[in-house]
$ cat query35.cif   # mmCIF, C-alpha atoms
data_model
#
loop_
_atom_site.label_atom_id
_atom_site.label_comp_id
_atom_site.auth_asym_id
_atom_site.auth_seq_id
_atom_site.Cartn_x
_atom_site.Cartn_y
_atom_site.Cartn_z
CA MET A 1 104.30 155.09 25.91
CA SER A 2 103.64 151.37 26.27
CA PRO A 3 104.68 149.15 29.21
CA ALA A 4 107.05 147.33 26.86
CA ALA A 5 108.77 150.57 25.94
CA LEU A 6 109.06 151.53 29.57
CA LEU A 7 110.73 148.22 30.34
CA SER A 8 113.51 148.64 27.84
CA GLY A 9 116.89 148.88 29.54
CA GLU A 10 115.58 147.57 32.89
CA ALA A 11 117.11 144.07 32.81
CA ASP A 12 119.33 144.93 35.78
CA LEU A 13 116.29 144.92 38.07
CA THR A 14 116.41 141.13 38.60
CA ASP A 15 118.14 141.41 41.96
CA PRO A 16 117.40 140.53 45.60
CA TRP A 17 114.61 143.13 45.60
CA VAL A 18 112.63 140.92 43.20
CA ALA A 19 110.29 138.48 44.96
CA LEU A 20 110.41 135.47 42.61
CA GLU A 21 113.17 134.57 40.16
CA PRO A 22 112.12 133.21 36.74
CA GLY A 23 111.56 129.44 36.82
CA ALA A 24 110.78 129.27 40.54
CA ASP A 25 107.70 127.35 41.65
CA PRO A 26 105.26 129.91 43.16
CA ALA A 27 103.30 127.31 45.16
CA GLU A 28 106.42 125.89 46.78
CA ARG A 29 107.70 129.39 47.50
CA VAL A 30 104.40 130.27 49.19
CA ARG A 31 104.62 127.20 51.45
CA THR A 32 108.21 128.05 52.39
CA LEU A 33 107.32 131.64 53.19
CA ARG A 34 104.34 130.68 55.33
CA ARG A 35 106.52 128.39 57.43
CA ALA A 36 109.09 131.16 57.76
CA HIS A 37 106.43 133.69 58.73
CA GLU A 38 105.06 131.41 61.44
CA THR A 39 108.58 130.84 62.77
CA PHE A 40 109.20 134.56 62.97
CA THR A 41 105.91 135.40 64.66
CA GLU A 42 106.40 132.60 67.19
CA VAL A 43 110.11 132.84 68.07
CA GLY A 44 111.29 136.08 66.48
CA THR A 45 113.98 134.61 64.21
CA VAL A 46 113.93 134.83 60.42
CA PRO A 47 114.76 131.60 58.53
CA THR A 48 117.38 131.77 55.76
CA PRO A 49 115.03 131.45 52.71
CA VAL A 50 113.51 134.87 53.44
CA ARG A 51 115.00 137.71 51.39
CA SER A 52 117.00 140.24 53.38
CA VAL A 53 114.72 143.14 52.42
CA VAL A 54 111.72 141.21 53.77
CA ALA A 55 113.54 140.00 56.89
CA ASP A 56 114.56 143.57 57.74
CA SER A 57 111.00 144.75 57.13
CA TRP A 58 109.54 142.02 59.37
CA ARG A 59 111.86 143.11 62.18
CA ARG A 60 110.87 146.77 61.76
CA SER A 61 107.21 145.75 61.71
CA ALA A 62 107.57 143.80 64.95
CA ARG A 63 109.44 146.68 66.63
CA ALA A 64 106.62 149.03 65.60
CA GLY A 65 104.14 146.80 67.41
CA VAL A 66 102.35 145.52 64.30
CA GLY A 67 100.52 142.23 64.87
CA PRO A 68 100.16 139.58 62.15
CA ASP A 69 96.37 139.64 62.52
CA GLY A 70 96.01 143.42 62.31
CA THR A 71 94.36 145.53 59.65
CA ALA A 72 94.79 148.95 58.08
CA SER A 73 92.86 151.89 59.47
CA VAL A 74 91.21 154.58 57.34
CA GLU A 75 92.58 157.99 58.35
CA LEU A 76 91.17 160.21 55.61
CA ALA A 77 87.63 159.93 54.28
CA ASP A 78 85.18 161.81 52.10
CA GLY A 79 85.83 165.56 52.00
CA ASP A 80 89.08 165.38 53.97
CA LEU A 81 90.52 162.86 51.51
CA GLY A 82 89.42 164.85 48.48
CA ALA A 83 90.88 168.10 49.78
CA TYR A 84 94.15 166.48 50.82
CA ARG A 85 94.87 164.63 47.60
CA ALA A 86 93.80 167.59 45.45
CA GLU A 87 96.70 169.55 46.96
CA HIS A 88 99.19 166.68 46.96
CA PRO A 89 102.02 166.96 44.38
CA LEU A 90 101.25 163.50 43.00
CA ALA A 91 97.82 164.70 41.85
CA ARG A 92 99.64 166.38 38.98
CA VAL A 93 100.89 163.04 37.64
CA MET A 94 97.77 160.94 38.20
CA PRO A 95 96.77 161.33 34.52
CA LEU A 96 100.19 159.92 33.61
CA PHE A 97 99.79 156.98 36.02
CA ARG A 98 96.40 156.20 34.53
CA GLU A 99 97.73 156.41 30.98
CA LEU A 100 100.69 154.11 31.64
CA MET A 101 99.13 151.67 34.10
CA GLY A 102 95.35 151.92 33.87
CA THR A 103 94.80 149.48 31.01
CA PHE A 104 97.45 147.11 32.37
CA ALA A 105 95.70 147.06 35.76
CA ALA A 106 92.19 146.64 34.38
CA ASP A 107 93.07 143.94 31.82
CA GLY A 108 95.17 141.96 34.30
CA GLU A 109 92.60 142.29 37.11
CA HIS A 110 95.17 144.29 39.08
CA LEU A 111 94.98 147.56 41.00
CA LEU A 112 96.85 150.79 40.48
CA ALA A 113 97.50 152.44 43.86
CA VAL A 114 99.28 155.65 44.80
CA CYS A 115 100.26 156.53 48.37
CA ASP A 116 101.70 159.65 49.98
CA GLU A 117 105.01 159.89 51.81
CA HIS A 118 103.36 158.58 54.99
CA GLY A 119 102.04 155.44 53.34
CA ARG A 120 98.43 156.65 53.12
CA LEU A 121 96.64 155.47 49.99
CA LEU A 122 95.40 158.41 47.94
CA TRP A 123 94.10 156.57 44.88
CA VAL A 124 93.18 152.91 44.34
CA GLU A 125 91.89 152.16 40.84
CA GLY A 126 91.53 149.13 38.57
CA HIS A 127 89.44 146.03 38.06
CA PRO A 128 86.10 146.35 39.96
CA THR A 129 86.11 142.79 41.31
CA THR A 130 89.69 143.15 42.51
CA ARG A 131 88.83 146.47 44.16
CA ARG A 132 85.97 144.86 46.08
CA ARG A 133 88.27 142.07 47.29
CA ALA A 134 90.93 144.58 48.29
CA GLY A 135 88.33 146.64 50.12
CA ARG A 136 87.75 143.76 52.53
CA MET A 137 91.30 144.29 53.88
CA ASN A 138 90.94 148.13 53.81
CA PHE A 139 93.16 148.56 50.77
CA VAL A 140 91.14 151.66 49.95
CA PRO A 141 91.79 155.39 49.48
CA GLY A 142 92.46 157.11 52.79
CA ALA A 143 93.77 153.99 54.55
CA ARG A 144 97.24 154.06 56.09
CA TRP A 145 99.49 151.35 54.68
CA ALA A 146 102.75 152.58 56.18
CA GLU A 147 105.08 149.78 57.22
CA SER A 148 104.89 150.98 60.83
CA ALA A 149 101.09 150.59 60.72
CA VAL A 150 100.46 147.35 58.77
CA GLY A 151 103.88 145.79 58.41
CA THR A 152 105.60 144.63 55.24
CA ASN A 153 103.80 145.66 52.04
CA ALA A 154 105.07 147.08 48.77
CA PRO A 155 103.90 150.74 48.94
CA GLY A 156 104.64 151.10 52.66
CA THR A 157 108.03 149.39 52.47
CA ALA A 158 109.01 151.27 49.29
CA VAL A 159 108.46 154.55 51.15
CA ALA A 160 110.24 153.24 54.26
CA VAL A 161 113.42 152.14 52.44
CA ASP A 162 113.19 154.64 49.55
CA ARG A 163 113.63 152.18 46.71
CA PRO A 164 111.50 149.90 44.49
CA VAL A 165 110.40 146.69 46.16
CA GLN A 166 108.25 143.68 45.38
CA VAL A 167 106.35 141.75 48.07
CA PHE A 168 105.07 138.28 47.28
CA ALA A 169 102.34 136.37 49.11
CA ALA A 170 103.41 135.37 52.65
CA GLU A 171 106.19 137.96 52.61
CA HIS A 172 103.43 140.34 53.74
CA PHE A 173 103.55 140.70 57.50
CA ILE A 174 99.78 140.70 58.05
CA ARG A 175 98.16 137.36 57.26
CA ARG A 176 95.05 138.69 55.56
CA VAL A 177 97.26 140.40 52.96
CA GLN A 178 99.23 137.25 52.13
CA PRO A 179 97.04 136.14 49.19
CA TRP A 180 98.25 139.25 47.34
CA THR A 181 101.40 140.26 45.48
CA CYS A 182 102.44 143.85 44.87
CA ALA A 183 105.28 145.92 43.45
CA ALA A 184 105.89 149.58 44.25
CA ALA A 185 108.45 152.31 43.60
CA PRO A 186 108.94 155.64 45.38
CA VAL A 187 108.38 158.90 43.52
CA HIS A 188 110.63 161.85 44.37
CA ASP A 189 110.37 165.59 44.06
CA PRO A 190 112.77 166.25 41.15
CA ARG A 191 113.92 169.54 42.70
CA THR A 192 114.60 168.45 46.28
CA GLY A 193 114.85 164.66 46.06
CA ARG A 194 112.26 164.32 48.83
CA VAL A 195 110.03 161.25 48.70
CA LEU A 196 106.52 162.32 47.68
CA GLY A 197 104.98 158.85 47.92
CA ALA A 198 104.93 155.66 45.89
CA VAL A 199 103.16 154.13 42.90
CA ASP A 200 102.05 150.52 43.30
CA ILE A 201 100.58 147.66 41.29
CA THR A 202 98.69 145.07 43.35
CA GLY A 203 97.13 141.78 42.30
CA GLY A 204 97.81 138.06 42.12
CA ASP A 205 100.89 135.84 41.91
CA GLY A 206 101.55 136.87 38.31
CA LEU A 207 102.95 140.16 39.57
CA ALA A 208 105.86 138.29 41.18
CA HIS A 209 107.59 138.35 37.77
CA PRO A 210 110.68 140.63 37.69
CA HIS A 211 109.12 142.66 34.89
CA SER A 212 106.40 144.03 37.18
CA LEU A 213 109.03 145.65 39.40
CA GLY A 214 110.83 147.06 36.36
CA PHE A 215 107.53 148.36 35.03
CA VAL A 216 106.52 150.16 38.20
CA GLN A 217 109.98 151.70 38.61
CA ALA A 218 109.89 152.94 35.03
CA VAL A 219 106.48 154.53 35.71
CA ALA A 220 107.90 156.25 38.81
CA ARG A 221 110.80 157.61 36.76
CA ALA A 222 108.40 158.87 34.11
CA ALA A 223 106.40 160.65 36.83
CA GLU A 224 109.52 162.34 38.20
CA SER A 225 110.46 163.50 34.71
CA HIS A 226 106.97 164.89 34.23
CA LEU A 227 107.13 166.73 37.56
CA ALA A 228 110.47 168.21 36.51
CA LEU A 229 108.85 169.60 33.35
CA LEU A 230 106.07 171.12 35.43
CA ALA A 231 108.44 172.63 38.00
CA PRO A 232 109.05 175.94 36.12
CA GLN A 233 105.28 176.58 36.32
CA LEU A 234 105.39 176.61 40.12
CA PRO A 235 104.90 180.05 41.71
CA ALA A 236 107.98 181.99 42.74
CA ALA A 237 108.92 181.70 46.40
CA ASP A 238 108.49 185.41 47.26
CA THR A 239 106.05 185.06 50.17
CA PRO A 240 107.51 186.38 53.44
CA GLU A 241 108.35 183.54 55.84
CA LEU A 242 108.08 183.86 59.62
CA SER A 243 110.00 181.41 61.85
CA ALA A 244 108.90 181.47 65.48
CA LEU A 245 109.06 177.87 66.74
CA GLY A 246 111.79 176.94 69.20
CA ARG A 247 113.13 180.48 69.56
CA ASP A 248 112.39 183.51 71.73
CA GLU A 249 113.02 185.97 68.92
CA ALA A 250 111.39 185.19 65.58
CA THR A 251 112.98 185.86 62.20
CA LEU A 252 111.24 187.13 59.08
CA LEU A 253 112.60 186.35 55.63
CA ILE A 254 111.35 189.09 53.31
CA GLY A 255 112.62 190.42 50.01
CA GLY A 256 115.80 188.37 50.24
CA ARG A 257 116.74 189.73 53.67
CA ARG A 258 116.36 188.05 57.05
CA VAL A 259 115.11 190.33 59.83
CA ARG A 260 115.56 189.36 63.47
CA LEU A 261 112.69 190.60 65.60
CA SER A 262 112.52 191.57 69.24
CA ARG A 263 110.34 189.45 71.49
CA ARG A 264 107.45 191.93 71.40
CA HIS A 265 107.69 192.36 67.63
CA SER A 266 107.81 188.56 67.31
CA GLU A 267 104.57 188.27 69.29
CA ILE A 268 102.88 190.92 67.16
CA LEU A 269 103.83 189.28 63.86
CA VAL A 270 102.82 185.81 65.04
CA LEU A 271 99.37 187.09 65.97
CA LEU A 272 98.88 189.18 62.82
CA ALA A 273 100.02 186.28 60.62
CA ARG A 274 97.40 184.12 62.34
CA HIS A 275 94.70 186.79 61.85
CA PRO A 276 95.02 188.01 58.25
CA GLU A 277 91.70 189.84 58.65
CA GLY A 278 93.45 192.09 61.18
CA LEU A 279 93.09 192.99 64.85
CA THR A 280 91.90 196.21 66.43
CA GLY A 281 94.13 198.06 68.84
CA ASP A 282 92.07 196.84 71.78
CA GLU A 283 92.18 193.22 70.56
CA LEU A 284 95.92 193.35 70.03
CA GLN A 285 96.50 194.96 73.43
CA CYS A 286 94.50 192.25 75.23
CA ALA A 287 96.33 189.57 73.27
CA LEU A 288 99.79 190.93 74.13
CA TYR A 289 99.73 192.30 77.64
CA GLU A 290 98.97 190.60 80.95
CA ASP A 291 99.26 193.94 82.71
CA GLU A 292 96.03 195.87 82.17
CA SER A 293 97.77 199.11 83.12
CA VAL A 294 99.71 199.14 79.83
CA THR A 295 98.39 202.06 77.78
CA PRO A 296 97.47 202.10 74.08
CA VAL A 297 100.31 204.60 73.58
CA THR A 298 102.83 201.85 74.45
CA LEU A 299 101.35 199.51 71.82
CA ARG A 300 101.26 202.25 69.16
CA ALA A 301 104.93 202.99 69.81
CA GLU A 302 105.82 199.30 69.37
CA LEU A 303 103.86 199.15 66.11
CA ALA A 304 105.55 202.29 64.80
CA ARG A 305 108.99 200.78 65.48
CA LEU A 306 107.92 197.51 63.81
CA ARG A 307 106.65 199.39 60.73
CA ARG A 308 110.01 201.15 60.34
CA LEU A 309 111.85 197.85 60.73
CA LEU A 310 109.77 196.01 58.10
CA GLY A 311 109.76 198.81 55.58
CA PRO A 312 106.86 200.62 53.94
CA GLY A 313 103.66 198.91 52.92
CA LEU A 314 103.76 195.66 54.93
CA LEU A 315 101.96 196.71 58.12
CA GLY A 316 98.53 198.29 57.73
CA SER A 317 96.29 199.89 60.34
CA ARG A 318 92.59 200.25 61.22
CA PRO A 319 92.64 197.35 61.89
CA TYR A 320 96.29 196.40 62.31
CA ARG A 321 97.05 193.78 59.66
CA LEU A 322 99.71 192.44 57.32
CA THR A 323 99.09 193.68 53.79
CA VAL A 324 100.54 190.55 52.13
CA PRO A 325 100.17 186.86 53.08
CA VAL A 326 102.92 185.67 55.42
CA GLU A 327 103.80 181.98 55.71
CA SER A 328 104.74 180.91 59.23
CA ASP A 329 106.16 177.68 60.60
CA VAL A 330 103.19 177.65 62.99
CA SER A 331 100.72 177.52 60.10
CA VAL A 332 102.76 174.77 58.42
CA VAL A 333 102.46 172.54 61.49
CA GLU A 334 98.76 173.33 61.85
CA ARG A 335 97.98 172.53 58.20
CA ARG A 336 99.82 169.23 58.36
CA LEU A 337 98.02 168.25 61.53
CA GLU A 338 94.67 169.11 59.97
CA THR A 339 95.37 166.88 56.94
CA GLY A 340 96.72 164.03 59.05
CA ALA A 341 100.33 164.47 57.88
CA ILE A 342 101.69 163.74 61.35
CA THR A 343 105.24 162.94 60.25
CA GLY A 344 105.43 166.19 58.32
CA ALA A 345 103.99 168.15 61.24
CA ALA A 346 106.55 166.66 63.62
CA ALA A 347 109.37 167.45 61.19
CA ALA A 348 108.27 171.09 60.95
CA TYR A 349 107.93 171.50 64.72
CA ALA A 350 111.23 173.03 65.84
CA GLY A 351 110.10 173.55 69.42
CA PRO A 352 107.55 175.50 71.48
CA LEU A 353 106.27 178.75 70.01
CA LEU A 354 108.24 181.74 71.41
CA PRO A 355 108.90 179.77 74.63
CA GLY A 356 109.80 182.80 76.72
CA SER A 357 106.70 184.79 75.78
CA GLN A 358 104.03 185.44 78.42
CA ALA A 359 101.65 187.23 76.04
CA PRO A 360 98.25 185.63 76.79
CA ALA A 361 97.35 184.87 73.15
CA VAL A 362 100.80 183.45 72.41
CA VAL A 363 100.65 181.24 75.52
CA ARG A 364 97.29 179.84 74.37
CA LEU A 365 98.54 179.22 70.84
CA ARG A 366 101.75 177.62 72.14
CA ARG A 367 99.73 175.23 74.29
CA LEU A 368 97.23 174.46 71.51
CA LEU A 369 99.95 173.64 68.98
CA ALA A 370 102.08 171.48 71.28
CA ASP A 371 99.13 169.58 72.77
CA GLY A 372 97.64 168.98 69.32
CA LEU A 373 100.88 167.54 67.99
CA ARG A 374 101.70 165.37 71.00
CA THR A 375 98.14 163.99 71.06
CA ALA A 376 98.47 163.06 67.38
CA LEU A 377 101.84 161.40 68.01
CA ILE A 378 100.43 159.31 70.87
CA ALA A 379 97.49 158.25 68.71
CA ARG A 380 99.77 157.40 65.76
CA ARG A 381 101.97 155.07 67.89
CA ASP A 382 104.93 155.47 65.54
CA PRO A 383 107.98 154.60 67.66
CA ASP A 384 110.37 156.86 65.75
CA LEU A 385 108.11 159.91 66.02
CA LEU A 386 107.45 159.27 69.71
CA ALA A 387 111.18 158.84 70.36
CA ASP A 388 111.98 162.12 68.60
CA TRP A 389 109.51 163.96 70.85
CA ALA A 390 110.55 162.17 74.04
CA HIS A 391 114.25 162.93 73.51
CA ALA A 392 113.68 166.58 72.58
CA PRO A 393 114.16 169.17 75.36
CA TRP A 394 110.42 169.89 75.43
CA GLY A 395 109.47 166.20 75.71
CA GLU A 396 112.05 164.80 78.12
CA ASP A 397 109.60 164.91 81.07
CA ASP A 398 106.45 164.15 79.05
CA LEU A 399 105.15 161.12 80.93
CA ASP A 400 102.31 160.34 78.51
CA VAL A 401 104.65 160.24 75.54
CA TRP A 402 107.18 158.08 77.38
CA ARG A 403 104.38 155.65 78.27
CA ALA A 404 103.27 155.54 74.63
CA LEU A 405 106.86 154.99 73.52
CA ALA A 406 107.35 152.18 76.02
CA ALA A 407 104.25 150.45 74.65
CA VAL A 408 105.63 150.29 71.09
CA ARG A 409 109.39 150.25 71.74
CA PRO A 410 109.99 148.63 75.15
CA THR A 411 113.78 148.80 75.15
CA SER A 412 115.66 148.79 78.42
CA ALA A 413 116.57 152.47 78.04
CA VAL A 414 112.97 153.50 77.44
CA ARG A 415 111.65 151.40 80.32
CA SER A 416 114.35 152.78 82.60
CA ARG A 417 113.50 156.40 81.75
CA LEU A 418 109.78 155.74 82.20
CA ALA A 419 110.37 154.09 85.58
CA ALA A 420 112.46 157.07 86.71
CA LEU A 421 109.73 159.54 85.69
CA GLU A 422 107.00 157.54 87.40
CA SER A 423 109.14 157.18 90.52
CA GLU A 424 109.74 160.93 90.71
CA LEU A 425 106.04 161.60 90.26
CA THR A 426 105.12 159.35 93.18
CA ALA A 427 107.88 160.71 95.43
CA PRO A 428 107.00 162.89 98.48
CA PRO A 429 106.24 166.55 97.72
CA ALA A 430 109.40 168.40 96.75
CA ARG A 431 110.97 170.94 99.09
CA HIS A 432 111.46 174.49 97.91
CA GLY A 433 114.09 174.62 95.17
CA ASP A 434 113.83 170.94 94.22
CA ARG A 435 113.20 170.09 90.59
CA ARG A 436 110.53 167.49 90.01
CA PRO A 437 108.97 166.55 86.65
CA VAL A 438 105.27 167.06 86.28
CA ALA A 439 103.05 164.74 84.24
CA LEU A 440 101.24 166.44 81.39
CA ALA A 441 98.03 164.97 82.76
CA GLU A 442 98.56 167.21 85.81
CA ALA A 443 99.83 170.23 83.87
CA PRO A 444 98.85 170.05 80.19
CA ALA A 445 100.97 173.01 79.14
CA ARG A 446 104.15 171.85 80.87
CA ALA A 447 106.04 170.87 77.73
CA THR A 448 105.10 174.02 75.86
CA TYR A 449 106.97 176.25 78.32
CA LEU A 450 110.28 174.44 78.23
CA GLN A 451 113.16 176.40 76.78
CA PRO A 452 114.79 174.43 73.94
CA ARG A 453 118.53 173.90 74.15
CA ARG A 454 120.59 175.95 71.77
CA PRO A 455 123.04 174.19 69.42
#
$ encode --input "query35.cif" --output "structure tokens"
Amino acid sequence: MSPAALLSGEADLTDPWVALEPGADPAERVRTLRRAHETFTEVGTVPTPVRSVVADSWRRSARAGVGPDGTASVELADGDLGAYRAEHPLARVMPLFRELMGTFAADGEHLLAVCDEHGRLLWVEGHPTTRRRAGRMNFVPGARWAESAVGTNAPGTAVAVDRPVQVFAAEHFIRRVQPWTCAAAPVHDPRTGRVLGAVDITGGDGLAHPHSLGFVQAVARAAESHLALLAPQLPAADTPELSALGRDEATLLIGGRRVRLSRRHSEILVLLARHPEGLTGDELQCALYEDESVTPVTLRAELARLRRLLGPGLLGSRPYRLTVPVESDVSVVERRLETGAITGAAAAYAGPLLPGSQAPAVVRLRRLLADGLRTALIARRDPDLLADWAHAPWGEDDLDVWRALAAVRPTSAVRSRLAALESELTAPPARHGDRRPVALAEAPARATYLQPRRP
């Protein structure tokens, strides 16, 4: 299908989301935008000529702590990038993107770019000279171009607001990006409606034409249609699912039924799901019991009760193991952290792992998971993600996170909470029975033991 065919029926796209109306003088518009950008960065007010979508994006960029002289950082490189994008849903429509946009990008000295739902660029293809120029501002695969990281830009803003957007010249928040113009549209999972990422065309001022926005939106729609055709080929969702985050008693969804597990059975399944190769009786006993006087007979009795509860064939022995793969919410968070999908990891984290458990191996895993996620959130400096953690029951006394949040979102409420925490931490030693928050620097596992509030 040609770009012209894709554009048919898209005349309604000439709206405020388009950067430059037909007949406008690009040079004069650039001068106006540069003056507006300087005004905003100096005094924080947005002059009237700036489009509302750009003005809102500038304000979000400033709140996120983005500076106009910043640059994108590369988060995924080499093998990590290859493995991550090979498993990403948009890999299935890259041939379609290349077919529809590849020639257009190469002939026009533009770039075709595709980002994930977190604004990380997965593919950047097109004219070699343009790619080299773009590389000087880190517009390269693996770089994070989320709005909260580099300010207003078409792929990052399209993901942030979940609609097609065009960004022209000095509408970009970061100055080194202002010689460029880009248009991007989000791509959604046709089954769930979730944003998978965005497809983008980047180049010179010629892309400010309304047709470039219509073109890229039509390509995104074509990709969603293609994904919908591929959906029936996806494997059936018959893998048992274990949910153990934020609850003392895990649940197992298996064969269409949901089984609620006792605390001890929850601990056993969490550990066996994490060790598909299996655990010996001695290994499992050491992992579960603090009290060394507990006999192997006690563990065998627990396993016998668990086997009856789960039904035949799921729990093997010698070593003890699960006979089919089990997906757990713990493994989901771990995988997303490993691939750098911090937003997805935070969304999947429902709270500390089995917070009431004192099983030694569960305590270690609980601490490892919570500390890994909070460290990633602090490094990411995303104010929304930090706020979600800080206001959760397990993060309300997390001094390091509150300090990170205050650095990127210094509202009066955040500063007040931080001051209260720091004041309590410097207060005289508490008498017996007093409650006093403890900084995670002093007690790294503090947050992982907090009991989440029940709805």
$ closest_residue --input "query35.cif" --among "A:Leu418, A:Ala146, A:Cys182, A:Leu368" --to "Thr343 (chain A)" --atoms "only C-alpha atoms"
A:Ala146
$ closest_residue --input "query35.cif" --among "A:Val330, A:Leu252, A:Val324, A:Val199" --to "Arg98 (chain A)" --atoms "only C-alpha atoms"
A:Val199
$ axis_aligned_box --input "query35.cif" --around "region 51-54 of chain A" --padding-each-side "5 Å" --output "JSON"
{"center_x": 114.4, "center_y": 140.4, "center_z": 52.6, "size_x": 15.3, "size_y": 15.4, "size_z": 12.4}
$ closest_residue --input "query35.cif" --among "A:Pro26, A:Gly356, A:Pro186, A:Gly311" --to "Ala169 (chain A)" --atoms "all atoms listed in the file"
A:Pro26
$ closest_residue --input "query35.cif" --among "A:Arg415, A:Arg176, A:His110, A:Arg59" --to "Leu207 (chain A)" --atoms "all atoms listed in the file"
A:His110
$ atom_distance --input "query35.cif" --atom1 "CA of Val219 (chain A)" --atom2 "CA of Leu76 (chain A)"
25.7 Å
$ resolve_selection --input "query35.cif" --expression "the PyMOL selection byres ((chain A and resi 256) around 12)" --output "short mmCIF file (atom, residue, chain, number, x, y, z; two decimals) with C-alpha atoms, in the frame of the given file"
data_model
loop_
_atom_site.label_atom_id
_atom_site.label_comp_id
_atom_site.auth_asym_id
_atom_site.auth_seq_id
_atom_site.Cartn_x
_atom_site.Cartn_y
_atom_site.Cartn_z
CA ALA A 237 108.92 181.70 46.40
CA ASP A 238 108.49 185.41 47.26
CA THR A 239 106.05 185.06 50.17
CA PRO A 240 107.51 186.38 53.44
CA GLU A 241 108.35 183.54 55.84
CA LEU A 252 111.24 187.13 59.08
CA LEU A 253 112.60 186.35 55.63
CA ILE A 254 111.35 189.09 53.31
CA GLY A 255 112.62 190.42 50.01
CA ARG A 257 116.74 189.73 53.67
CA ARG A 258 116.36 188.05 57.05
CA VAL A 259 115.11 190.33 59.83
#
$ residues_around --input "query35.cif" --residues "Pro319 (chain A)" --least-positions-apart "6" --cutoff "9 Å" --atoms "only C-alpha atoms" --output "PyMOL selection string"
chain A and resi 277-281
$ resolve_selection --input "query35.cif" --expression "the PyMOL selection byres ((chain A and resi 60) around 12)" --output "VMD selection string"
chain A and resid 44 53 to 59 61 to 67 146 to 152 156 to 157 160 to 161 173 382 to 384 408 to 409
$ atom_distance --input "query35.cif" --atom1 "CA of Tyr320 (chain A)" --atom2 "CA of Pro355 (chain A)"
24.2 Å
$ resolve_selection --input "query35.cif" --expression "the PyMOL selection byres ((chain A and resi 180) around 6)" --output "compact mmCIF listing (two decimals) with C-alpha atoms, keeping the file's coordinate frame"
# COMPACT_ATOMS: atom_id res chain seq x y z
CA ALA A 169 102.34 136.37 49.11
CA VAL A 177 97.26 140.40 52.96
CA GLN A 178 99.23 137.25 52.13
CA PRO A 179 97.04 136.14 49.19
CA THR A 181 101.40 140.26 45.48
CA GLY A 203 97.13 141.78 42.30
CA GLY A 204 97.81 138.06 42.12
$ atom_distance --input "query35.cif" --atom1 "CA of Gly344 (chain A)" --atom2 "CA of Arg367 (chain A)"
19.2 Å
$ closest_residue --input "query35.cif" --among "A:Ala72, A:Leu399, A:Ala184, A:Val167" --to "Pro141 (chain A)" --atoms "only C-alpha atoms"
A:Ala72
$ closest_residue --input "query35.cif" --among "A:Ala376, A:Ala287, A:Ile268, A:Ala250" --to "Arg307 (chain A)" --atoms "all atoms listed in the file"
A:Ile268
